[in-house]
file work02.txt (compact mmCIF, C-alpha atoms)
# COMPACT_ATOMS: atom_id res chain seq x y z
CA MET A 1 19.06 -23.33 -15.56
CA PRO A 2 16.87 -23.92 -12.47
CA GLN A 3 13.24 -24.81 -13.04
CA TYR A 4 12.10 -21.47 -11.60
CA ASP A 5 14.10 -19.62 -14.24
CA ARG A 6 12.72 -21.80 -17.04
CA ILE A 7 9.20 -20.88 -15.90
CA ILE A 8 10.04 -17.16 -15.95
CA ASN A 9 11.56 -17.37 -19.43
CA ARG A 10 8.61 -19.29 -20.82
CA HIS A 11 6.05 -16.80 -19.54
CA HIS A 12 8.10 -13.66 -20.04
CA PRO A 13 10.43 -14.05 -23.03
CA GLU A 14 10.68 -10.28 -23.39
CA ALA A 15 12.68 -10.16 -20.17
CA GLY A 16 15.66 -11.78 -21.88
CA PRO A 17 18.01 -14.11 -20.03
CA THR A 18 16.90 -14.22 -16.40
CA ARG A 19 19.10 -13.86 -13.40
CA PRO A 20 19.87 -16.89 -11.26
CA ALA A 21 17.03 -17.88 -8.94
CA ASN A 22 19.10 -17.05 -5.86
CA HIS A 23 19.75 -13.53 -7.13
CA PHE A 24 16.06 -12.99 -7.78
CA ILE A 25 15.24 -14.04 -4.23
CA TRP A 26 17.70 -11.44 -2.98
CA ALA A 27 16.08 -8.88 -5.28
CA VAL A 28 12.67 -9.58 -3.71
CA LEU A 29 14.13 -9.30 -0.21
CA ALA A 30 15.90 -6.05 -1.13
CA ALA A 31 12.67 -4.57 -2.47
CA THR A 32 10.81 -5.66 0.66
CA PHE A 33 13.45 -4.05 2.91
CA CYS A 34 13.18 -0.77 0.98
CA ARG A 35 9.40 -0.83 1.25
CA ILE A 36 9.60 -1.28 5.03
CA ILE A 37 11.62 1.95 5.16
CA LEU A 38 9.19 3.82 2.89
CA ASN A 39 6.13 2.54 4.73
CA THR A 40 7.62 3.44 8.11
CA ALA A 41 8.32 6.97 6.87
CA ARG A 42 4.73 7.14 5.65
CA ARG A 43 3.10 5.79 8.85
CA PHE A 44 5.22 6.98 11.78
CA ALA A 45 3.69 10.47 11.88
CA TYR A 46 0.26 9.05 12.75
CA PRO A 47 0.96 7.73 16.27
CA PHE A 48 3.61 10.35 17.05
CA ALA A 49 1.65 13.39 15.88
CA PRO A 50 1.48 14.80 19.46
CA ALA A 51 5.28 14.52 19.85
CA LEU A 52 5.81 16.24 16.50
CA SER A 53 3.36 19.03 17.37
CA ARG A 54 5.13 19.70 20.69
CA GLY A 55 8.57 19.59 19.10
CA LEU A 56 7.63 21.92 16.27
CA ALA A 57 5.54 24.16 18.55
CA VAL A 58 2.49 23.93 16.29
CA PRO A 59 -1.10 22.82 17.01
CA LEU A 60 -1.95 19.16 16.62
CA THR A 61 -4.26 20.12 13.75
CA ALA A 62 -1.21 21.35 11.83
CA ILE A 63 0.30 17.85 12.03
CA THR A 64 -2.94 16.13 11.03
CA SER A 65 -3.22 18.52 8.08
CA LEU A 66 0.34 17.57 7.16
CA ILE A 67 -0.65 13.90 7.24
CA ALA A 68 -3.67 14.61 5.03
CA LEU A 69 -1.47 16.38 2.47
CA ASN A 70 0.80 13.35 2.51
CA GLN A 71 -2.12 11.25 1.25
CA ALA A 72 -2.46 13.55 -1.77
CA THR A 73 0.89 12.36 -3.11
CA GLY A 74 -0.93 9.32 -4.48
CA ILE A 75 -2.49 11.59 -7.09
CA ILE A 76 0.90 13.04 -8.04
CA GLY A 77 2.39 9.55 -8.23
CA LEU A 78 -0.12 8.79 -10.98
CA PHE A 79 2.06 10.73 -13.44
CA PHE A 80 5.16 8.65 -12.76
CA GLY A 81 3.66 5.32 -13.86
CA PRO A 82 4.08 5.99 -17.60
CA LEU A 83 7.62 7.22 -16.90
CA ALA A 84 8.45 3.92 -15.22
CA ASP A 85 7.05 2.02 -18.21
CA ARG A 86 9.19 4.13 -20.53
CA LEU A 87 12.45 4.55 -18.57
CA GLY A 88 12.58 1.34 -16.57
CA TYR A 89 11.33 0.16 -13.19
CA ARG A 90 14.69 0.08 -11.42
CA LEU A 91 15.42 3.73 -12.21
CA MET A 92 12.10 4.86 -10.73
CA MET A 93 12.60 2.70 -7.63
CA LEU A 94 15.94 4.40 -7.05
CA ALA A 95 14.31 7.80 -7.65
CA GLY A 96 11.61 7.06 -5.07
CA LEU A 97 14.19 6.18 -2.43
CA ALA A 98 16.26 9.25 -3.35
CA LEU A 99 13.27 11.51 -2.64
CA LEU A 100 12.86 9.88 0.78
CA ILE A 101 16.55 10.38 1.59
CA VAL A 102 16.56 14.05 0.57
CA GLY A 103 13.43 14.78 2.57
CA MET A 104 14.48 12.96 5.73
CA PHE A 105 17.97 14.45 5.89
CA GLY A 106 16.54 17.88 5.07
CA ALA A 107 14.17 17.70 8.04
CA GLY A 108 16.98 16.41 10.25
CA LEU A 109 19.21 19.35 9.33
CA TRP A 110 16.46 21.98 9.42
CA PRO A 111 13.76 20.80 11.88
CA VAL A 112 11.06 23.38 11.26
CA TYR A 113 7.44 22.82 10.27
CA THR A 114 7.87 23.78 6.60
CA MET A 115 10.79 21.39 6.14
CA VAL A 116 9.01 18.57 7.96
CA LEU A 117 6.03 19.15 5.66
CA ILE A 118 8.31 18.93 2.62
CA ALA A 119 10.04 15.85 4.05
CA LEU A 120 6.83 13.91 4.55
CA LEU A 121 5.52 14.98 1.14
CA LEU A 122 8.73 13.73 -0.47
CA ALA A 123 8.50 10.48 1.51
CA GLY A 124 4.90 9.99 0.39
CA LEU A 125 5.76 10.80 -3.21
CA GLY A 126 8.74 8.46 -3.04
CA LYS A 127 6.50 5.63 -1.89
CA ASN A 128 3.99 6.34 -4.65
CA ILE A 129 6.79 6.22 -7.23
CA PHE A 130 8.49 3.17 -5.75
CA ASP A 131 5.48 0.90 -5.17
CA PRO A 132 4.02 0.79 -8.73
CA SER A 133 7.52 0.31 -10.11
CA VAL A 134 8.40 -2.60 -7.84
CA GLN A 135 4.99 -4.22 -8.43
CA ALA A 136 5.48 -3.86 -12.19
CA PHE A 137 8.98 -5.30 -11.81
CA ALA A 138 7.51 -8.38 -10.10
CA GLY A 139 4.83 -8.63 -12.78
CA LYS A 140 7.43 -8.62 -15.53
CA HIS A 141 9.77 -11.19 -14.01
CA VAL A 142 7.52 -13.54 -12.04
CA PRO A 143 5.16 -16.01 -13.74
CA PHE A 144 1.50 -15.37 -13.01
CA GLN A 145 1.23 -18.74 -11.26
CA ARG A 146 3.72 -17.48 -8.63
CA ARG A 147 2.62 -13.85 -8.56
CA GLY A 148 0.58 -14.08 -5.35
CA LEU A 149 3.53 -15.63 -3.51
CA VAL A 150 6.05 -12.97 -4.51
CA ILE A 151 3.70 -9.98 -4.14
CA GLY A 152 2.54 -11.41 -0.80
CA ILE A 153 6.14 -11.56 0.43
CA MET A 154 6.81 -7.97 -0.65
CA GLU A 155 3.59 -6.84 1.04
CA PHE A 156 4.96 -8.10 4.38
CA SER A 157 6.56 -4.67 4.42
CA TRP A 158 3.23 -3.00 5.19
CA ALA A 159 2.61 -5.00 8.36
CA ALA A 160 6.31 -4.90 9.26
CA SER A 161 6.25 -1.10 9.25
CA THR A 162 3.54 -1.22 11.95
CA LEU A 163 4.99 -4.08 13.97
CA VAL A 164 8.70 -3.22 13.68
CA GLY A 165 9.37 0.12 11.97
CA VAL A 166 7.02 2.39 13.91
CA PRO A 167 7.90 0.88 17.34
CA LEU A 168 11.60 1.40 16.57
CA MET A 169 10.88 5.03 15.70
CA GLY A 170 8.97 5.36 18.97
CA LEU A 171 11.91 3.98 20.93
CA LEU A 172 14.30 6.34 19.15
CA ILE A 173 12.05 9.35 19.76
CA HIS A 174 11.71 8.41 23.44
CA GLN A 175 15.46 7.98 23.95
CA VAL A 176 16.91 10.73 21.72
CA GLY A 177 14.09 13.07 20.73
CA TRP A 178 11.68 13.62 17.86
CA ARG A 179 14.33 15.13 15.57
CA SER A 180 16.29 11.88 15.52
CA SER A 181 13.60 10.04 13.55
CA PHE A 182 14.32 11.94 10.34
CA PRO A 183 18.09 11.35 9.94
CA ALA A 184 17.54 7.75 11.08
CA LEU A 185 15.07 7.18 8.25
CA GLY A 186 17.40 8.99 5.85
CA ALA A 187 20.28 6.71 6.83
CA ALA A 188 18.04 3.66 6.43
CA GLY A 189 17.09 4.97 2.98
CA LEU A 190 20.77 5.22 2.03
CA ILE A 191 21.29 1.59 3.02
CA GLY A 192 18.17 0.68 1.04
CA ILE A 193 19.31 2.45 -2.11
CA LEU A 194 22.69 0.67 -1.97
CA VAL A 195 21.01 -2.72 -1.47
CA LEU A 196 18.55 -2.02 -4.28
CA TYR A 197 21.33 -0.95 -6.65
CA ARG A 198 23.23 -4.12 -5.85
CA TYR A 199 20.45 -6.70 -6.21
CA ILE A 200 18.00 -5.29 -8.78
CA ARG A 201 19.58 -5.10 -12.21
CA PRO A 202 18.39 -2.76 -14.98
CA LEU A 203 16.67 -4.01 -18.11
CA ARG A 204 18.80 -4.04 -21.24
CA ARG A 205 16.50 -1.58 -22.96
CA PRO A 206 13.74 0.85 -21.94
CA VAL A 207 10.40 -0.80 -21.35
CA LYS A 208 8.65 1.54 -23.80
CA GLN A 209 9.95 3.68 -26.64
CA GLY A 210 8.83 7.15 -27.72
CA THR A 211 8.60 10.59 -26.13
CA THR A 212 7.25 11.20 -22.65
CA ALA A 213 4.07 12.85 -23.98
CA GLU A 214 3.46 9.89 -26.28
CA SER A 215 3.96 7.53 -23.33
CA TYR A 216 1.29 9.28 -21.28
CA ARG A 217 -1.25 9.39 -24.09
CA ALA A 218 -0.68 5.79 -25.17
CA ALA A 219 -0.77 4.40 -21.63
CA TRP A 220 -3.99 6.07 -20.49
CA ARG A 221 -5.75 5.65 -23.84
CA PHE A 222 -4.95 1.94 -23.78
CA MET A 223 -6.06 1.57 -20.16
CA LEU A 224 -9.42 3.30 -20.68
CA ARG A 225 -10.26 0.78 -23.43
CA LYS A 226 -9.82 -2.24 -21.15
CA PRO A 227 -12.89 -3.29 -19.10
CA ALA A 228 -10.68 -5.23 -16.67
CA ALA A 229 -8.61 -2.11 -15.96
CA LEU A 230 -11.73 0.02 -15.44
CA GLY A 231 -13.23 -2.61 -13.15
CA ALA A 232 -10.02 -2.66 -11.13
CA LEU A 233 -10.10 1.12 -10.77
CA GLY A 234 -13.67 0.95 -9.47
CA PHE A 235 -12.73 -1.80 -7.04
CA SER A 236 -9.74 0.16 -5.76
CA PHE A 237 -11.81 3.28 -5.09
CA PHE A 238 -14.83 1.71 -3.42
CA VAL A 239 -13.06 -0.90 -1.29
CA SER A 240 -10.65 1.76 0.03
CA ALA A 241 -13.53 4.11 0.83
CA ALA A 242 -15.31 1.29 2.69
CA ASN A 243 -12.26 0.48 4.80
CA ASP A 244 -11.40 4.07 5.71
CA ASN A 245 -15.04 4.80 6.54
CA LEU A 246 -14.50 2.41 9.48
CA PHE A 247 -10.80 3.05 10.08
CA VAL A 248 -11.22 6.73 10.96
CA VAL A 249 -13.85 6.03 13.65
CA TYR A 250 -12.95 2.62 15.10
CA GLY A 251 -10.92 4.29 17.86
CA ALA A 252 -13.87 6.50 18.81
CA TRP A 253 -16.16 3.45 18.86
CA LEU A 254 -13.83 1.46 21.13
CA GLU A 255 -13.41 4.45 23.41
CA ASP A 256 -17.12 5.25 23.66
CA GLN A 257 -18.40 1.69 23.85
CA PHE A 258 -15.75 0.09 26.06
CA GLY A 259 -13.92 3.02 27.68
CA LEU A 260 -10.53 2.02 26.26
CA GLY A 261 -7.64 4.37 26.97
CA ILE A 262 -4.64 5.38 24.85
CA VAL A 263 -2.54 2.35 25.77
CA ALA A 264 -5.35 -0.07 24.98
CA LEU A 265 -6.05 1.70 21.69
CA GLY A 266 -2.37 1.41 20.85
CA MET A 267 -2.58 -2.33 21.49
CA GLY A 268 -5.60 -2.41 19.19
CA THR A 269 -3.51 -0.81 16.45
CA GLY A 270 -0.87 -3.50 17.00
CA LEU A 271 -3.61 -6.09 16.64
CA ILE A 272 -4.48 -4.59 13.26
CA GLY A 273 -0.82 -4.93 12.26
CA LEU A 274 -0.92 -8.62 13.16
CA ALA A 275 -4.14 -9.03 11.15
CA GLU A 276 -2.48 -7.42 8.12
CA LEU A 277 0.52 -9.72 8.49
CA LEU A 278 -1.71 -12.80 8.65
CA GLY A 279 -3.61 -11.64 5.56
CA GLU A 280 -0.33 -11.29 3.68
CA VAL A 281 0.85 -14.73 4.85
CA ILE A 282 -2.43 -16.32 3.69
CA THR A 283 -2.06 -14.66 0.29
CA ALA A 284 1.50 -15.93 -0.12
CA ALA A 285 0.47 -19.41 1.01
CA VAL A 286 -2.81 -20.05 -0.85
CA GLY A 287 -3.65 -17.13 -3.14
CA ASP A 288 -2.07 -18.72 -6.21
CA ARG A 289 -3.60 -22.12 -5.46
CA ILE A 290 -7.14 -20.77 -5.13
CA GLY A 291 -6.69 -18.46 -8.11
CA LEU A 292 -6.23 -14.71 -7.73
CA LYS A 293 -9.51 -13.73 -9.41
CA ARG A 294 -11.53 -16.11 -7.23
CA SER A 295 -9.57 -15.02 -4.16
CA VAL A 296 -10.49 -11.36 -4.72
CA ILE A 297 -14.18 -12.14 -5.28
CA GLY A 298 -14.28 -14.44 -2.25
CA GLY A 299 -12.36 -11.90 -0.17
CA LEU A 300 -14.87 -9.17 -1.02
CA ALA A 301 -17.78 -11.40 0.01
CA LEU A 302 -16.02 -12.24 3.28
CA SER A 303 -15.26 -8.55 3.84
CA MET A 304 -18.96 -7.73 3.67
CA LEU A 305 -19.66 -10.42 6.26
CA SER A 306 -16.76 -9.39 8.48
CA TYR A 307 -18.06 -5.82 8.84
CA THR A 308 -21.35 -7.17 10.20
CA VAL A 309 -19.49 -9.12 12.92
CA LEU A 310 -18.98 -5.81 14.73
CA LEU A 311 -22.73 -5.59 15.27
CA LEU A 312 -22.55 -8.79 17.32
CA ALA A 313 -19.95 -7.42 19.72
CA GLY A 314 -22.45 -5.91 22.12
CA ASN A 315 -20.58 -5.11 25.34
CA SER A 316 -17.77 -7.59 24.74
CA VAL A 317 -14.48 -5.89 24.00
CA TYR A 318 -13.01 -9.26 23.01
CA LEU A 319 -15.64 -9.75 20.31
CA ALA A 320 -15.07 -6.18 19.15
CA LEU A 321 -11.32 -6.65 18.80
CA SER A 322 -11.85 -10.05 17.18
CA GLY A 323 -14.19 -8.44 14.66
CA LEU A 324 -11.63 -5.75 13.83
CA PHE A 325 -8.93 -8.40 13.48
CA LEU A 326 -11.12 -10.34 11.04
CA ILE A 327 -11.97 -7.22 9.02
CA PHE A 328 -8.37 -6.16 8.50
CA MET A 329 -7.11 -9.68 7.90
CA VAL A 330 -9.66 -10.30 5.16
CA PHE A 331 -9.16 -6.81 3.74
CA GLU A 332 -5.39 -7.31 3.51
CA PHE A 333 -5.79 -10.74 1.92
CA THR A 334 -8.20 -9.29 -0.65
CA MET A 335 -5.98 -6.31 -1.44
CA VAL A 336 -2.77 -8.31 -1.83
CA CYS A 337 -4.51 -10.81 -4.12
CA PHE A 338 -5.93 -7.86 -6.06
CA ILE A 339 -2.49 -6.24 -6.42
CA SER A 340 -1.05 -9.54 -7.61
CA LEU A 341 -3.81 -9.91 -10.21
CA SER A 342 -3.56 -6.28 -11.32
CA THR A 343 0.09 -6.64 -12.30
CA GLU A 344 -1.14 -8.73 -15.25
CA LEU A 345 -4.30 -6.79 -16.22
CA LEU A 346 -2.34 -4.39 -18.41
CA PRO A 347 1.04 -6.05 -19.14
CA GLU A 348 1.85 -3.48 -21.82
CA PHE A 349 1.78 -0.70 -19.18
CA ARG A 350 2.21 -2.36 -15.82
CA ALA A 351 3.56 0.61 -13.86
CA THR A 352 0.87 2.89 -15.30
CA MET A 353 -1.81 0.45 -14.17
CA MET A 354 -0.42 0.14 -10.65
CA ALA A 355 0.15 3.89 -10.22
CA THR A 356 -3.40 4.62 -11.38
CA LEU A 357 -4.78 2.04 -8.97
CA MET A 358 -2.87 3.68 -6.12
CA ALA A 359 -4.30 7.06 -7.09
CA SER A 360 -7.81 5.61 -7.23
CA ALA A 361 -7.33 4.01 -3.83
CA GLY A 362 -6.03 7.30 -2.46
CA CYS A 363 -9.17 9.08 -3.68
CA GLY A 364 -11.27 6.36 -2.09
CA ARG A 365 -9.47 6.78 1.24
CA VAL A 366 -10.07 10.53 1.15
CA VAL A 367 -13.79 9.98 0.49
CA GLY A 368 -14.00 7.31 3.19
CA ALA A 369 -12.29 9.57 5.71
CA LEU A 370 -14.58 12.49 4.83
CA ILE A 371 -17.82 10.50 5.20
CA GLY A 372 -16.69 8.35 8.13
CA GLY A 373 -17.06 11.03 10.78
CA PRO A 374 -20.50 12.33 9.71
CA VAL A 375 -21.86 8.78 9.27
CA TRP A 376 -20.63 7.83 12.75
CA LEU A 377 -22.12 10.95 14.35
CA ALA A 378 -25.44 10.53 12.55
CA ALA A 379 -26.02 6.78 12.82
CA GLY A 380 -23.34 5.27 15.06
CA LEU A 381 -21.84 1.86 14.45
CA ASN A 382 -24.90 0.61 12.57
CA GLY A 383 -24.56 3.36 10.01
CA THR A 384 -20.83 2.83 9.67
CA VAL A 385 -21.29 -0.89 9.03
CA ILE A 386 -24.09 -0.35 6.53
CA VAL A 387 -22.05 2.17 4.52
CA SER A 388 -18.92 -0.01 4.55
CA VAL A 389 -20.89 -3.09 3.48
CA GLY A 390 -22.61 -1.11 0.73
CA LEU A 391 -19.38 0.33 -0.64
CA THR A 392 -17.74 -3.11 -0.57
CA GLY A 393 -20.74 -4.50 -2.45
CA ILE A 394 -20.27 -1.84 -5.15
CA ALA A 395 -16.57 -2.79 -5.30
CA LEU A 396 -17.56 -6.43 -5.82
CA ILE A 397 -19.96 -5.55 -8.64
CA THR A 398 -17.51 -3.29 -10.48
CA PHE A 399 -14.69 -5.81 -10.15
CA TYR A 400 -16.80 -8.74 -11.33
CA ILE A 401 -18.17 -6.86 -14.35
CA GLY A 402 -14.66 -5.73 -15.28
CA VAL A 403 -12.81 -9.05 -15.02
CA ARG A 404 -15.49 -11.65 -15.77
CA ARG A 405 -14.20 -12.11 -19.34
CA TRP A 406 -10.54 -11.45 -18.57
CA GLN A 407 -8.20 -14.37 -19.17
CA LEU A 408 -4.47 -14.74 -18.72
CA ARG A 409 -2.75 -14.48 -22.09

call {"tool": "encode", "arguments": {"input": "work02.txt", "output": "structure tokens"}}
result
Amino acid sequence: MPQYDRIINRHHPEAGPTRPANHFIWAVLAATFCRIILNTARRFAYPFAPALSRGLAVPLTAITSLIALNQATGIIGLFFGPLADRLGYRLMMLAGLALLIVGMFGAGLWPVYTMVLIALLLAGLGKNIFDPSVQAFAGKHVPFQRRGLVIGIMEFSWAASTLVGVPLMGLLIHQVGWRSSFPALGAAGLIGILVLYRYIRPLRRPVKQGTTAESYRAAWRFMLRKPAALGALGFSFFVSAANDNLFVVYGAWLEDQFGLGIVALGMGTGLIGLAELLGEVITAAVGDRIGLKRSVIGGLALSMLSYTVLLLAGNSVYLALSGLFLIFMVFEFTMVCFISLSTELLPEFRATMMATLMASAGCGRVVGALIGGPVWLAAGLNGTVIVSVGLTGIALITFYIGVRRWQLR
């Protein structure tokens, strides 16, 4: 047996005989491919909202409201974590992709506003079912000493959706029309579900026994008794609120301060995608070597500093874009290290932990988006930076208090 497999067996004997190392690599690549599809379906409505509003003959506000509802699926996804722990991670991954496929083909066949709303809700729900399950799958089969590497590779899918998936959707919409994006994503989902079925094998037995109601009660009761889990929930909420507090107004700042147009703002969004990719690469390369706990704490401290770089931009658009690049690179590095660490905070209920963290982050994003506009209007960039730094500081405190005594078993 290859050395990699011996490491997995030693750290995770409950997984039984492990698959060959080559097959596991293909499983990781398959999961990453599926996540690119899910993330593209989640993100493509943002830049193409005007095209969707014209095609559906509805106001732009109707599309932005649709996008906001899509964010709420993170709360619904919370209830699927215990199911994944009970029924198996692979089954829930397949279910998440199936929801995407049904929604996308439905909107392609019946391109009206109500069906598009349902399609994007199903895509968002599918992502919020798939992601905790695949992260729990990695946590179960990958030794903690390699967790940052594998999670970092799978998180390439987030940047890839911005750098590859969304531009491909834009090209398709430009050449064929807005309706074509939905069956294209549905077809991609079908390919993804076949690849996933082929390369990710089911466990020999359910992860947890008992009834569904018992699974919910046991999972959440157990989680609420763990300081590390509670600290992680606080981190997830506050750091997400801090980031979205800036994210929802950075375009307005660049436009007001530097007079950037739509094309330039689009290039700025691409720059953020590159920053996210670099953050994921850094995590895969050095996160495990530094130590995931130290990486998260250090990343939070650097995040607080990176927000203040924007105050030094003055009238230099290059410094402004460099500051945004730094913010999102450090944020992505911190988040991917945090996700990698969180897969081991509650090994008895991994999917429950990850789904709850996604729900907490979703709540944080909603709060950040709600306060971002008023803070910007009342105090400008200075106020935005102060609030983001303060929320990140709270995230650092809650995380440190929660995990300071946590040790790998």

call {"tool": "atom_distance", "arguments": {"input": "work02.txt", "atom1": "CA of Trp376 in chain A", "atom2": "CA of Thr398 in chain A"}}
result
25.9 Å

call {"tool": "closest_residue", "arguments": {"input": "work02.txt", "among": "A:Val385, A:Leu345, A:Met104, A:Leu194", "to": "Lys140 in chain A", "atoms": "all atoms listed in the file"}}
result
A:Leu345

call {"tool": "atom_distance", "arguments": {"input": "work02.txt", "atom1": "CA of Gln175 in chain A", "atom2": "CA of Arg54 in chain A"}}
result
16.0 Å

call {"tool": "closest_residue", "arguments": {"input": "work02.txt", "among": "A:Val286, A:Val142, A:Val248, A:Leu149", "to": "Glu344 in chain A", "atoms": "only C-alpha atoms"}}
result
A:Val142

call {"tool": "closest_residue", "arguments": {"input": "work02.txt", "among": "A:Leu185, A:Ala232, A:Leu246, A:Val166", "to": "Val389 in chain A", "atoms": "only C-alpha atoms"}}
result
A:Leu246

call {"tool": "closest_residue", "arguments": {"input": "work02.txt", "among": "A:Trp178, A:Phe79, A:Phe130, A:Tyr197", "to": "Gly108 in chain A", "atoms": "all atoms listed in the file"}}
result
A:Trp178

call {"tool": "closest_residue", "arguments": {"input": "work02.txt", "among": "A:Leu278, A:Ala123, A:Ala284, A:Leu52", "to": "Gly177 in chain A", "atoms": "all atoms listed in the file"}}
result
A:Leu52

call {"tool": "residues_around", "arguments": {"input": "work02.txt", "residues": "Tyr199 in chain A", "least_positions_apart": "3", "cutoff": "10 Å", "atoms": "only C-alpha atoms", "output": "PyMOL selection string"}}
result
chain A and resi 23-31+194-196+202

call {"tool": "atom_distance", "arguments": {"input": "work02.txt", "atom1": "CA of Arg179 in chain A", "atom2": "CA of Pro59 in chain A"}}
result
17.3 Å

call {"tool": "axis_aligned_box", "arguments": {"input": "work02.txt", "around": "range 109-117 of chain A", "padding_each_side": "4 Å", "output": "JSON"}}
result
{"center_x": 12.6, "center_y": 21.2, "center_z": 8.8, "size_x": 21.2, "size_y": 13.2, "size_z": 14.2}

call {"tool": "residues_around", "arguments": {"input": "work02.txt", "residues": "Thr392 in chain A", "least_positions_apart": "2", "cutoff": "9 Å", "atoms": "all atoms listed in the file", "output": "list in words"}}
result
Phe235, Phe238, Val239, Ser240, Ala241, Ala242, Asn243, Leu300, Ala301, Ser303, Met304, Val387, Ser388, Val389, Gly390, Ile394, Ala395, Leu396 and Ile397 of chain A

call {"tool": "write_last_selection", "arguments": {"input": "work02.txt", "atoms": "C-alpha atoms", "output": "PDB file, in the frame of the given file"}}
result
ATOM      1  CA  PHE A 235     -12.730  -1.800  -7.040  1.00  0.00           C
ATOM      2  CA  PHE A 238     -14.830   1.710  -3.420  1.00  0.00           C
ATOM      3  CA  VAL A 239     -13.060  -0.900  -1.290  1.00  0.00           C
ATOM      4  CA  SER A 240     -10.650   1.760   0.030  1.00  0.00           C
ATOM      5  CA  ALA A 241     -13.530   4.110   0.830  1.00  0.00           C
ATOM      6  CA  ALA A 242     -15.310   1.290   2.690  1.00  0.00           C
ATOM      7  CA  ASN A 243     -12.260   0.480   4.800  1.00  0.00           C
ATOM      8  CA  LEU A 300     -14.870  -9.170  -1.020  1.00  0.00           C
ATOM      9  CA  ALA A 301     -17.780 -11.400   0.010  1.00  0.00           C
ATOM     10  CA  SER A 303     -15.260  -8.550   3.840  1.00  0.00           C
ATOM     11  CA  MET A 304     -18.960  -7.730   3.670  1.00  0.00           C
ATOM     12  CA  VAL A 387     -22.050   2.170   4.520  1.00  0.00           C
ATOM     13  CA  SER A 388     -18.920  -0.010   4.550  1.00  0.00           C
ATOM     14  CA  VAL A 389     -20.890  -3.090   3.480  1.00  0.00           C
ATOM     15  CA  GLY A 390     -22.610  -1.110   0.730  1.00  0.00           C
ATOM     16  CA  ILE A 394     -20.270  -1.840  -5.150  1.00  0.00           C
ATOM     17  CA  ALA A 395     -16.570  -2.790  -5.300  1.00  0.00           C
ATOM     18  CA  LEU A 396     -17.560  -6.430  -5.820  1.00  0.00           C
ATOM     19  CA  ILE A 397     -19.960  -5.550  -8.640  1.00  0.00           C
TER      20      ILE A 397
END

call {"tool": "closest_residue", "arguments": {"input": "work02.txt", "among": "A:Ala228, A:Ile101, A:Leu233, A:Cys34", "to": "Cys363 in chain A", "atoms": "only C-alpha atoms"}}
result
A:Leu233

call {"tool": "residues_around", "arguments": {"input": "work02.txt", "residues": "Ser65 in chain A", "least_positions_apart": "6", "cutoff": "12 Å", "atoms": "all atoms listed in the file", "output": "list of chain:residue names"}}
result
A:Ala45, A:Tyr46, A:Ala49, A:Ser53, A:Val58, A:Pro59, A:Gln71, A:Ala72, A:Tyr113, A:Leu117, A:Leu120, A:Leu121

call {"tool": "residues_around", "arguments": {"input": "work02.txt", "residues": "Leu109 in chain A", "least_positions_apart": "4", "cutoff": "12 Å", "atoms": "only C-alpha atoms", "output": "PyMOL selection string"}}
result
chain A and resi 102-105+115-116+119+179-184+186

call {"tool": "residues_around", "arguments": {"input": "work02.txt", "residues": "range 305-321 of chain A", "least_positions_apart": "3", "cutoff": "10 Å", "atoms": "only C-alpha atoms", "output": "PDB file with C-alpha atoms, keeping the file's coordinate frame"}}
result
ATOM      1  CA  ALA A 242     -15.310   1.290   2.690  1.00  0.00           C
ATOM      2  CA  ASN A 243     -12.260   0.480   4.800  1.00  0.00           C
ATOM      3  CA  LEU A 246     -14.500   2.410   9.480  1.00  0.00           C
ATOM      4  CA  TYR A 250     -12.950   2.620  15.100  1.00  0.00           C
ATOM      5  CA  TRP A 253     -16.160   3.450  18.860  1.00  0.00           C
ATOM      6  CA  LEU A 254     -13.830   1.460  21.130  1.00  0.00           C
ATOM      7  CA  GLN A 257     -18.400   1.690  23.850  1.00  0.00           C
ATOM      8  CA  PHE A 258     -15.750   0.090  26.060  1.00  0.00           C
ATOM      9  CA  GLY A 259     -13.920   3.020  27.680  1.00  0.00           C
ATOM     10  CA  LEU A 260     -10.530   2.020  26.260  1.00  0.00           C
ATOM     11  CA  GLY A 268      -5.600  -2.410  19.190  1.00  0.00           C
ATOM     12  CA  LEU A 271      -3.610  -6.090  16.640  1.00  0.00           C
ATOM     13  CA  ILE A 272      -4.480  -4.590  13.260  1.00  0.00           C
ATOM     14  CA  GLY A 299     -12.360 -11.900  -0.170  1.00  0.00           C
ATOM     15  CA  LEU A 300     -14.870  -9.170  -1.020  1.00  0.00           C
ATOM     16  CA  ALA A 301     -17.780 -11.400   0.010  1.00  0.00           C
ATOM     17  CA  LEU A 302     -16.020 -12.240   3.280  1.00  0.00           C
ATOM     18  CA  LEU A 324     -11.630  -5.750  13.830  1.00  0.00           C
ATOM     19  CA  PHE A 325      -8.930  -8.400  13.480  1.00  0.00           C
ATOM     20  CA  LEU A 326     -11.120 -10.340  11.040  1.00  0.00           C
ATOM     21  CA  ILE A 327     -11.970  -7.220   9.020  1.00  0.00           C
ATOM     22  CA  PHE A 328      -8.370  -6.160   8.500  1.00  0.00           C
ATOM     23  CA  MET A 329      -7.110  -9.680   7.900  1.00  0.00           C
ATOM     24  CA  VAL A 330      -9.660 -10.300   5.160  1.00  0.00           C
ATOM     25  CA  PHE A 331      -9.160  -6.810   3.740  1.00  0.00           C
ATOM     26  CA  LEU A 381     -21.840   1.860  14.450  1.00  0.00           C
ATOM     27  CA  ASN A 382     -24.900   0.610  12.570  1.00  0.00           C
ATOM     28  CA  THR A 384     -20.830   2.830   9.670  1.00  0.00           C
ATOM     29  CA  VAL A 385     -21.290  -0.890   9.030  1.00  0.00           C
ATOM     30  CA  ILE A 386     -24.090  -0.350   6.530  1.00  0.00           C
ATOM     31  CA  VAL A 387     -22.050   2.170   4.520  1.00  0.00           C
ATOM     32  CA  SER A 388     -18.920  -0.010   4.550  1.00  0.00           C
ATOM     33  CA  VAL A 389     -20.890  -3.090   3.480  1.00  0.00           C
ATOM     34  CA  THR A 392     -17.740  -3.110  -0.570  1.00  0.00           C
TER      35      THR A 392
END
